[in-house]
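A.B. asks: Just one file: start_34.txt, with compact mmCIF, N, CA and C atoms.
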# COMPACT_ATOMS: atom_id res chain seq x y z
N MET P 1 235.51 236.97 96.84
CA MET P 1 234.44 237.73 97.45
C MET P 1 233.12 237.18 96.92
N ARG P 2 232.30 236.65 97.80
CA ARG P 2 230.97 236.20 97.41
C ARG P 2 230.00 237.36 97.57
N LEU P 3 229.28 237.65 96.52
CA LEU P 3 228.40 238.81 96.53
C LEU P 3 227.02 238.46 97.07
N ASN P 4 226.46 239.39 97.84
CA ASN P 4 225.07 239.26 98.26
C ASN P 4 224.20 239.90 97.18
N GLU P 5 222.93 240.04 97.46
CA GLU P 5 221.99 240.59 96.47
C GLU P 5 222.39 242.00 96.02
N TYR P 6 222.84 242.82 96.96
CA TYR P 6 223.23 244.19 96.61
C TYR P 6 224.53 244.19 95.81
N GLY P 7 225.46 243.33 96.16
CA GLY P 7 226.71 243.22 95.40
C GLY P 7 226.46 242.76 93.98
N ASP P 8 225.50 241.84 93.80
CA ASP P 8 225.13 241.41 92.45
C ASP P 8 224.59 242.57 91.63
N ILE P 9 223.83 243.45 92.27
CA ILE P 9 223.30 244.63 91.58
C ILE P 9 224.44 245.54 91.14
N VAL P 10 225.40 245.78 92.05
CA VAL P 10 226.55 246.63 91.70
C VAL P 10 227.30 246.04 90.51
N ALA P 11 227.61 244.75 90.56
CA ALA P 11 228.36 244.10 89.48
C ALA P 11 227.58 244.17 88.15
N SER P 12 226.30 243.87 88.19
CA SER P 12 225.53 243.86 86.94
C SER P 12 225.40 245.26 86.35
N GLU P 13 225.24 246.29 87.19
CA GLU P 13 225.14 247.66 86.68
C GLU P 13 226.48 248.14 86.13
N TRP P 14 227.59 247.70 86.76
CA TRP P 14 228.91 248.07 86.24
C TRP P 14 229.08 247.51 84.82
N LEU P 15 228.74 246.25 84.64
CA LEU P 15 228.87 245.63 83.32
C LEU P 15 227.88 246.23 82.32
N ARG P 16 226.71 246.63 82.79
CA ARG P 16 225.70 247.24 81.93
C ARG P 16 226.13 248.63 81.47
N SER P 17 227.07 249.24 82.16
CA SER P 17 227.54 250.58 81.79
C SER P 17 228.02 250.63 80.35
N THR P 18 228.58 249.53 79.85
CA THR P 18 229.07 249.51 78.46
C THR P 18 227.93 249.49 77.46
N GLU P 19 226.76 249.05 77.89
CA GLU P 19 225.59 249.08 77.01
C GLU P 19 225.00 250.48 76.94
N VAL P 20 225.08 251.20 78.05
CA VAL P 20 224.51 252.53 78.16
C VAL P 20 225.45 253.57 77.55
N ARG P 21 226.74 253.38 77.73
CA ARG P 21 227.74 254.34 77.25
C ARG P 21 228.70 253.61 76.32
N LEU P 22 228.48 253.74 75.03
CA LEU P 22 229.26 253.01 74.04
C LEU P 22 230.71 253.49 73.97
N GLU P 23 231.02 254.63 74.57
CA GLU P 23 232.37 255.17 74.51
C GLU P 23 233.30 254.56 75.56
N ILE P 24 232.81 253.62 76.36
CA ILE P 24 233.64 253.01 77.39
C ILE P 24 233.63 251.49 77.29
N GLU P 25 234.68 250.90 77.85
CA GLU P 25 234.74 249.47 78.11
C GLU P 25 235.13 249.32 79.57
N CYS P 26 234.46 248.46 80.29
CA CYS P 26 234.81 248.22 81.68
C CYS P 26 235.93 247.20 81.75
N GLY P 27 236.92 247.48 82.55
CA GLY P 27 238.03 246.56 82.75
C GLY P 27 237.88 245.83 84.07
N GLU P 28 239.00 245.62 84.72
CA GLU P 28 239.00 244.92 86.00
C GLU P 28 238.11 245.65 87.00
N PHE P 29 237.42 244.87 87.83
CA PHE P 29 236.65 245.49 88.91
C PHE P 29 236.47 244.47 90.03
N VAL P 30 236.17 244.99 91.20
CA VAL P 30 235.84 244.14 92.34
C VAL P 30 234.82 244.87 93.20
N VAL P 31 233.80 244.14 93.61
CA VAL P 31 232.79 244.66 94.53
C VAL P 31 233.18 244.16 95.92
N MET P 32 233.40 245.08 96.82
CA MET P 32 233.77 244.75 98.20
C MET P 32 232.55 245.01 99.10
N PRO P 33 232.59 244.55 100.34
CA PRO P 33 231.43 244.74 101.22
C PRO P 33 231.03 246.21 101.43
N ASN P 34 232.00 247.13 101.41
CA ASN P 34 231.66 248.53 101.63
C ASN P 34 232.29 249.49 100.63
N HIS P 35 232.84 248.95 99.54
CA HIS P 35 233.39 249.81 98.50
C HIS P 35 233.54 249.05 97.20
N PHE P 36 233.98 249.77 96.17
CA PHE P 36 234.05 249.23 94.82
C PHE P 36 235.30 249.80 94.14
N HIS P 37 235.97 248.97 93.33
CA HIS P 37 237.09 249.40 92.51
C HIS P 37 236.82 248.97 91.07
N GLY P 38 237.20 249.78 90.10
CA GLY P 38 237.06 249.37 88.71
C GLY P 38 237.89 250.22 87.78
N THR P 39 238.20 249.65 86.61
CA THR P 39 238.89 250.41 85.57
C THR P 39 237.94 250.59 84.40
N VAL P 40 238.11 251.71 83.72
CA VAL P 40 237.30 252.05 82.55
C VAL P 40 238.26 252.41 81.43
N TYR P 41 238.01 251.87 80.24
CA TYR P 41 238.80 252.19 79.07
C TYR P 41 237.95 253.05 78.15
N ILE P 42 238.43 254.25 77.84
CA ILE P 42 237.72 255.18 76.97
C ILE P 42 238.03 254.79 75.52
N VAL P 43 237.02 254.38 74.76
CA VAL P 43 237.27 253.84 73.43
C VAL P 43 236.81 254.74 72.29
N GLY P 44 236.04 255.78 72.57
CA GLY P 44 235.55 256.64 71.51
C GLY P 44 235.85 258.09 71.81
N ALA P 45 235.98 258.89 70.78
CA ALA P 45 236.16 260.32 70.99
C ALA P 45 234.88 260.88 71.59
N TYR P 46 235.01 261.71 72.62
CA TYR P 46 233.84 262.23 73.30
C TYR P 46 234.24 263.45 74.12
N GLY P 47 233.27 264.00 74.79
CA GLY P 47 233.54 265.10 75.70
C GLY P 47 233.00 266.39 75.13
N ASN P 48 232.57 267.27 76.03
CA ASN P 48 232.03 268.54 75.57
C ASN P 48 232.88 269.70 76.07
N THR P 49 234.07 269.39 76.57
CA THR P 49 235.00 270.42 77.02
C THR P 49 236.39 270.01 76.56
N PRO P 50 237.37 270.91 76.62
CA PRO P 50 238.73 270.51 76.22
C PRO P 50 239.22 269.36 77.08
N HIS P 51 240.03 268.48 76.49
CA HIS P 51 240.56 267.34 77.22
C HIS P 51 241.48 267.82 78.33
N GLY P 52 241.50 267.05 79.43
CA GLY P 52 242.40 267.35 80.52
C GLY P 52 241.70 267.32 81.85
N ILE P 53 242.46 267.52 82.90
CA ILE P 53 241.92 267.43 84.25
C ILE P 53 241.51 268.82 84.72
N ARG P 54 240.32 268.92 85.30
CA ARG P 54 239.83 270.12 85.94
C ARG P 54 239.45 269.74 87.36
N PRO P 55 239.36 270.65 88.29
CA PRO P 55 238.99 270.28 89.66
C PRO P 55 237.69 269.49 89.69
N ASN P 56 237.71 268.34 90.38
CA ASN P 56 236.55 267.47 90.57
C ASN P 56 235.93 266.98 89.26
N HIS P 57 236.72 266.92 88.19
CA HIS P 57 236.15 266.54 86.90
C HIS P 57 237.27 266.03 86.00
N ILE P 58 237.02 264.95 85.28
CA ILE P 58 237.99 264.47 84.30
C ILE P 58 237.30 264.30 82.96
N ASP P 59 237.87 264.84 81.92
CA ASP P 59 237.50 264.52 80.54
C ASP P 59 238.72 263.81 79.97
N ALA P 60 238.71 262.49 79.95
CA ALA P 60 239.87 261.72 79.49
C ALA P 60 239.95 261.75 77.98
N MET P 61 241.16 261.62 77.47
CA MET P 61 241.36 261.59 76.02
C MET P 61 241.04 260.20 75.48
N ASP P 62 240.75 260.12 74.21
CA ASP P 62 240.45 258.86 73.55
C ASP P 62 241.56 257.85 73.80
N GLY P 63 241.18 256.64 74.21
CA GLY P 63 242.14 255.57 74.41
C GLY P 63 242.76 255.52 75.79
N GLU P 64 242.42 256.43 76.68
CA GLU P 64 242.98 256.39 78.03
C GLU P 64 242.18 255.49 78.93
N ARG P 65 242.86 254.93 79.91
CA ARG P 65 242.19 254.12 80.92
C ARG P 65 242.05 254.96 82.17
N ALA P 66 240.96 254.80 82.88
CA ALA P 66 240.74 255.55 84.12
C ALA P 66 240.45 254.56 85.23
N TYR P 67 240.96 254.86 86.42
CA TYR P 67 240.73 254.04 87.60
C TYR P 67 239.65 254.70 88.44
N TYR P 68 238.74 253.91 88.93
CA TYR P 68 237.62 254.41 89.71
C TYR P 68 237.53 253.63 91.01
N HIS P 69 237.38 254.32 92.12
CA HIS P 69 237.26 253.69 93.43
C HIS P 69 236.19 254.44 94.21
N ASP P 70 235.35 253.71 94.89
CA ASP P 70 234.30 254.37 95.67
C ASP P 70 233.99 253.58 96.92
N ARG P 71 233.69 254.27 97.97
CA ARG P 71 233.21 253.66 99.20
C ARG P 71 231.70 253.76 99.21
N ALA P 72 231.01 252.65 99.46
CA ALA P 72 229.56 252.68 99.56
C ALA P 72 229.26 253.26 100.93
N TYR P 73 228.27 253.92 101.14
CA TYR P 73 226.93 253.96 100.68
C TYR P 73 226.39 255.37 100.73
N CYS P 74 226.31 256.02 99.60
CA CYS P 74 225.71 257.34 99.44
C CYS P 74 225.18 257.46 98.03
N HIS P 75 224.25 258.36 97.79
CA HIS P 75 223.61 258.49 96.49
C HIS P 75 224.07 259.76 95.80
N THR P 76 224.44 259.65 94.53
CA THR P 76 224.75 260.81 93.71
C THR P 76 223.82 260.78 92.51
N PRO P 77 222.89 261.72 92.38
CA PRO P 77 221.94 261.69 91.27
C PRO P 77 222.62 262.02 89.95
N LEU P 78 222.12 261.44 88.87
CA LEU P 78 222.60 261.74 87.53
C LEU P 78 222.14 263.15 87.17
N ARG P 79 223.08 264.02 86.86
CA ARG P 79 222.75 265.41 86.60
C ARG P 79 223.05 265.85 85.18
N SER P 80 223.83 265.06 84.46
CA SER P 80 224.25 265.52 83.15
C SER P 80 224.39 264.34 82.19
N PRO P 81 223.95 264.51 80.95
CA PRO P 81 224.15 263.45 79.97
C PRO P 81 225.52 263.55 79.29
N SER P 82 226.43 264.37 79.84
CA SER P 82 227.74 264.53 79.21
C SER P 82 228.50 263.21 79.19
N ARG P 83 229.47 263.13 78.28
CA ARG P 83 230.16 261.87 78.06
C ARG P 83 231.58 261.96 78.60
N ASN P 84 231.73 261.76 79.90
CA ASN P 84 233.03 261.77 80.55
C ASN P 84 233.00 260.78 81.71
N VAL P 85 234.12 260.58 82.36
CA VAL P 85 234.20 259.62 83.44
C VAL P 85 233.24 259.99 84.57
N GLY P 86 233.16 261.26 84.92
CA GLY P 86 232.26 261.69 85.99
C GLY P 86 230.81 261.37 85.69
N ALA P 87 230.39 261.60 84.45
CA ALA P 87 229.01 261.29 84.06
C ALA P 87 228.77 259.80 84.09
N MET P 88 229.75 259.02 83.67
CA MET P 88 229.61 257.56 83.70
C MET P 88 229.43 257.08 85.13
N VAL P 89 230.25 257.59 86.04
CA VAL P 89 230.16 257.19 87.45
C VAL P 89 228.82 257.62 88.05
N ARG P 90 228.39 258.84 87.74
CA ARG P 90 227.09 259.29 88.26
C ARG P 90 225.96 258.39 87.77
N GLY P 91 225.99 258.03 86.48
CA GLY P 91 224.96 257.15 85.95
C GLY P 91 225.00 255.77 86.60
N PHE P 92 226.19 255.23 86.80
CA PHE P 92 226.37 253.94 87.46
C PHE P 92 225.83 253.98 88.89
N LYS P 93 226.23 254.99 89.64
CA LYS P 93 225.79 255.10 91.04
C LYS P 93 224.28 255.30 91.13
N SER P 94 223.73 256.08 90.21
CA SER P 94 222.29 256.32 90.21
C SER P 94 221.52 255.04 89.93
N ALA P 95 221.97 254.27 88.93
CA ALA P 95 221.29 253.02 88.59
C ALA P 95 221.37 252.01 89.74
N VAL P 96 222.55 251.90 90.36
CA VAL P 96 222.71 251.00 91.51
C VAL P 96 221.80 251.43 92.65
N SER P 97 221.79 252.71 92.95
CA SER P 97 220.95 253.22 94.05
C SER P 97 219.48 252.93 93.81
N ARG P 98 219.04 253.20 92.58
CA ARG P 98 217.63 252.97 92.25
C ARG P 98 217.26 251.50 92.45
N ARG P 99 218.09 250.58 91.94
CA ARG P 99 217.77 249.15 92.05
C ARG P 99 217.85 248.65 93.49
N ILE P 100 218.86 249.08 94.24
CA ILE P 100 218.98 248.64 95.65
C ILE P 100 217.81 249.18 96.45
N ASN P 101 217.43 250.42 96.21
CA ASN P 101 216.31 251.00 96.95
C ASN P 101 214.98 250.34 96.58
N GLU P 102 214.86 249.84 95.36
CA GLU P 102 213.66 249.07 95.00
C GLU P 102 213.59 247.78 95.82
N VAL P 103 214.74 247.10 95.93
CA VAL P 103 214.79 245.85 96.70
C VAL P 103 214.50 246.10 98.17
N ARG P 104 215.07 247.19 98.72
CA ARG P 104 214.90 247.50 100.15
C ARG P 104 213.60 248.24 100.44
N ASN P 105 212.91 248.66 99.38
CA ASN P 105 211.71 249.49 99.54
C ASN P 105 212.04 250.77 100.32
N THR P 106 213.13 251.41 99.91
CA THR P 106 213.59 252.65 100.55
C THR P 106 213.86 253.71 99.48
N PRO P 107 212.83 254.16 98.75
CA PRO P 107 213.06 255.11 97.65
C PRO P 107 213.81 256.35 98.11
N GLY P 108 214.86 256.70 97.37
CA GLY P 108 215.62 257.92 97.65
C GLY P 108 216.64 257.80 98.75
N ALA P 109 216.77 256.65 99.39
CA ALA P 109 217.74 256.51 100.49
C ALA P 109 219.17 256.52 99.94
N SER P 110 220.11 256.99 100.75
CA SER P 110 221.51 257.03 100.35
C SER P 110 222.07 255.61 100.22
N VAL P 111 222.85 255.42 99.16
CA VAL P 111 223.52 254.15 98.94
C VAL P 111 225.03 254.37 98.83
N TRP P 112 225.45 255.48 98.23
CA TRP P 112 226.87 255.78 98.02
C TRP P 112 227.29 257.02 98.77
N GLN P 113 228.59 257.15 98.99
CA GLN P 113 229.12 258.40 99.51
C GLN P 113 228.98 259.47 98.43
N ARG P 114 229.15 260.72 98.78
CA ARG P 114 228.91 261.83 97.86
C ARG P 114 229.94 261.90 96.74
N ASN P 115 231.18 261.55 96.99
CA ASN P 115 232.22 261.72 95.99
C ASN P 115 232.90 260.39 95.70
N TYR P 116 233.96 260.39 94.95
CA TYR P 116 234.71 259.19 94.62
C TYR P 116 236.12 259.61 94.21
N TYR P 117 237.01 258.63 94.10
CA TYR P 117 238.39 258.86 93.69
C TYR P 117 238.54 258.43 92.23
N GLU P 118 239.17 259.26 91.43
CA GLU P 118 239.44 258.88 90.05
C GLU P 118 240.88 259.24 89.71
N HIS P 119 241.43 258.49 88.78
CA HIS P 119 242.84 258.64 88.41
C HIS P 119 242.98 258.22 86.95
N ILE P 120 243.61 259.04 86.11
CA ILE P 120 243.87 258.65 84.74
C ILE P 120 245.14 257.80 84.72
N ILE P 121 245.03 256.63 84.13
CA ILE P 121 246.17 255.72 84.02
C ILE P 121 246.98 256.16 82.80
N ARG P 122 248.23 256.51 83.04
CA ARG P 122 249.06 257.10 81.99
C ARG P 122 250.00 256.12 81.30
N ASN P 123 250.27 254.95 81.92
CA ASN P 123 251.22 254.02 81.31
C ASN P 123 250.94 252.60 81.79
N ASP P 124 251.61 251.64 81.18
CA ASP P 124 251.38 250.24 81.52
C ASP P 124 251.77 249.91 82.96
N ALA P 125 252.83 250.51 83.47
CA ALA P 125 253.24 250.23 84.84
C ALA P 125 252.15 250.66 85.83
N ASP P 126 251.58 251.83 85.60
CA ASP P 126 250.48 252.32 86.44
C ASP P 126 249.28 251.39 86.34
N TYR P 127 248.94 251.00 85.10
CA TYR P 127 247.82 250.08 84.90
C TYR P 127 248.06 248.75 85.61
N ASN P 128 249.24 248.18 85.46
CA ASN P 128 249.55 246.89 86.09
C ASN P 128 249.45 246.97 87.60
N HIS P 129 249.92 248.08 88.18
CA HIS P 129 249.83 248.27 89.64
C HIS P 129 248.37 248.31 90.08
N ILE P 130 247.54 249.05 89.37
CA ILE P 130 246.13 249.18 89.73
C ILE P 130 245.39 247.86 89.52
N ALA P 131 245.65 247.18 88.41
CA ALA P 131 244.99 245.89 88.15
C ALA P 131 245.35 244.88 89.25
N GLU P 132 246.60 244.87 89.68
CA GLU P 132 247.02 243.98 90.76
C GLU P 132 246.33 244.37 92.08
N TYR P 133 246.25 245.66 92.34
CA TYR P 133 245.58 246.14 93.55
C TYR P 133 244.12 245.68 93.58
N ILE P 134 243.43 245.82 92.45
CA ILE P 134 242.03 245.40 92.37
C ILE P 134 241.91 243.89 92.58
N ALA P 135 242.77 243.12 91.91
CA ALA P 135 242.71 241.66 92.02
C ALA P 135 242.98 241.18 93.44
N ASN P 136 243.86 241.87 94.16
CA ASN P 136 244.24 241.43 95.50
C ASN P 136 243.43 242.07 96.62
N ASN P 137 242.53 242.98 96.28
CA ASN P 137 241.77 243.69 97.31
C ASN P 137 240.98 242.76 98.23
N PRO P 138 240.31 241.73 97.72
CA PRO P 138 239.58 240.84 98.63
C PRO P 138 240.47 240.17 99.69
N GLN P 139 241.70 239.84 99.33
CA GLN P 139 242.60 239.22 100.30
C GLN P 139 243.01 240.20 101.41
N ARG P 140 242.92 241.49 101.14
CA ARG P 140 243.30 242.51 102.14
C ARG P 140 242.10 243.02 102.95
N TRP P 141 240.92 242.45 102.75
CA TRP P 141 239.71 242.96 103.38
C TRP P 141 239.82 243.02 104.90
N MET P 142 240.40 242.01 105.51
CA MET P 142 240.49 241.98 106.99
C MET P 142 241.35 243.12 107.53
N GLU P 143 242.28 243.64 106.73
CA GLU P 143 243.15 244.74 107.16
C GLU P 143 242.60 246.11 106.78
N ASP P 144 241.48 246.16 106.06
CA ASP P 144 240.91 247.42 105.61
C ASP P 144 240.56 248.28 106.82
N SER P 145 240.91 249.56 106.75
CA SER P 145 240.65 250.47 107.89
C SER P 145 239.18 250.64 108.18
N LEU P 146 238.30 250.40 107.18
CA LEU P 146 236.87 250.53 107.40
C LEU P 146 236.16 249.19 107.55
N HIS P 147 236.95 248.11 107.70
CA HIS P 147 236.35 246.80 107.95
C HIS P 147 235.64 246.84 109.30
N PRO P 148 234.38 246.38 109.36
CA PRO P 148 233.64 246.45 110.63
C PRO P 148 234.26 245.57 111.67
Since I need it in another form, could you write the structure as structure tokens?

C.D. replies:
Amino acid sequence: MRLNEYGDIVASEWLRSTEVRLEIECGEFVVMPNHFHGTVYIVGAYGNTPHGIRPNHIDAMDGERAYYHDRAYCHTPLRSPSRNVGAMVRGFKSAVSRRINEVRNTPGASVWQRNYYEHIIRNDADYNHIAEYIANNPQRWMEDSLHP
């Protein structure tokens, strides 16, 4: 997948996430023409609520990997400095939106969809399946249901 100017922004902000949030490491990722896939490894103890899954929210336990997938283009503003996967994704999407809108001269315009898919990776088999899916996603682009 060859990235255009906006794709370069998405990739650079994803990698910059580890500088902003020291409790994460970014794993495999791919920027697609209309969506994004990535894995996040939680490396530090964090969170302001009990660990576990709650509706529309994940507070992953220390050492867990999380899978993140999103379809572009809608904006989700950063609303909380909390240290969880949801806050990381909100910060990432906000930074990408701000930079893309600067380039397009469209302040406040939607860049990402409102929500996203997240999944806690519980074992190596699950991780290997997701890593393979991410690596092979560009080859499946022509069959994507949202391919123009």

A.B. asks: Smallest atom-to-atom distance to Ile134 in chain P: which of P:Ala11, P:Ile120, P:Val30, P:Val85, using only N, CA and C atoms?

C.D. replies: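 Closest residue, counting only N, CA and C atoms: P:Val30.
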
A.B. asks: What gap, in Å, lies between CA of Met32 in chain P and atom N of Ser145 in chain P?

C.D. replies: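 It comes out at 12.1 Å.
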
A.B. asks: Determine the nearest neighbour of Cys26 in chain P from the options P:Ala131, P:Val103, P:Ile42, P:Ile9, counting only N, CA and C atoms.

C.D. replies: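 Using only N, CA and C atoms, the shortest distance to Cys26 in chain P belongs to P:Ile42.
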
A.B. asks: Hey, can you check how far atom C of Ala135 in chain P sits from atom C of Ala109 in chain P?

C.D. replies: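 Atom-to-atom, atom C of Ala135 in chain P to atom C of Ala109 in chain P, that is 29.1 Å.
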
A.B. asks: Using only C-alpha atoms, which of the listed residues (P:Pro148, P:Pro138, P:Gly86, P:Gly108) sits closest to Phe36 in chain P?

C.D. replies: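 Nearest to Phe36 in chain P: P:Pro138.
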
A.B. asks: Find the residue from P:Tyr41, P:Tyr133, P:Tyr127, P:Trp141 that sits nearest to Thr18 in chain P; use only C-alpha atoms when measuring.

C.D. replies: P:Tyr41

A.B. asks: What is the atom N of Asp8 in chain P to CA of His119 in chain P distance in Å?

C.D. replies: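 So the answer is 24.7 Å.
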
A.B. asks: Find the spatial neighbours of Pro107 in chain P, counting all atoms listed in the file, within a cut-off of 8 Å - ignore same-chain residues fewer than 5 positions away - and output them as a PyMOL selection string.

C.D. replies: chain P and resi 97-98+100-102

A.B. asks: Considering only N, CA and C atoms, state which residue in the set P:Ile24, P:Met1, P:Arg122, P:Arg90 is at the smallest distance from Gln139 in chain P.

C.D. replies: P:Met1
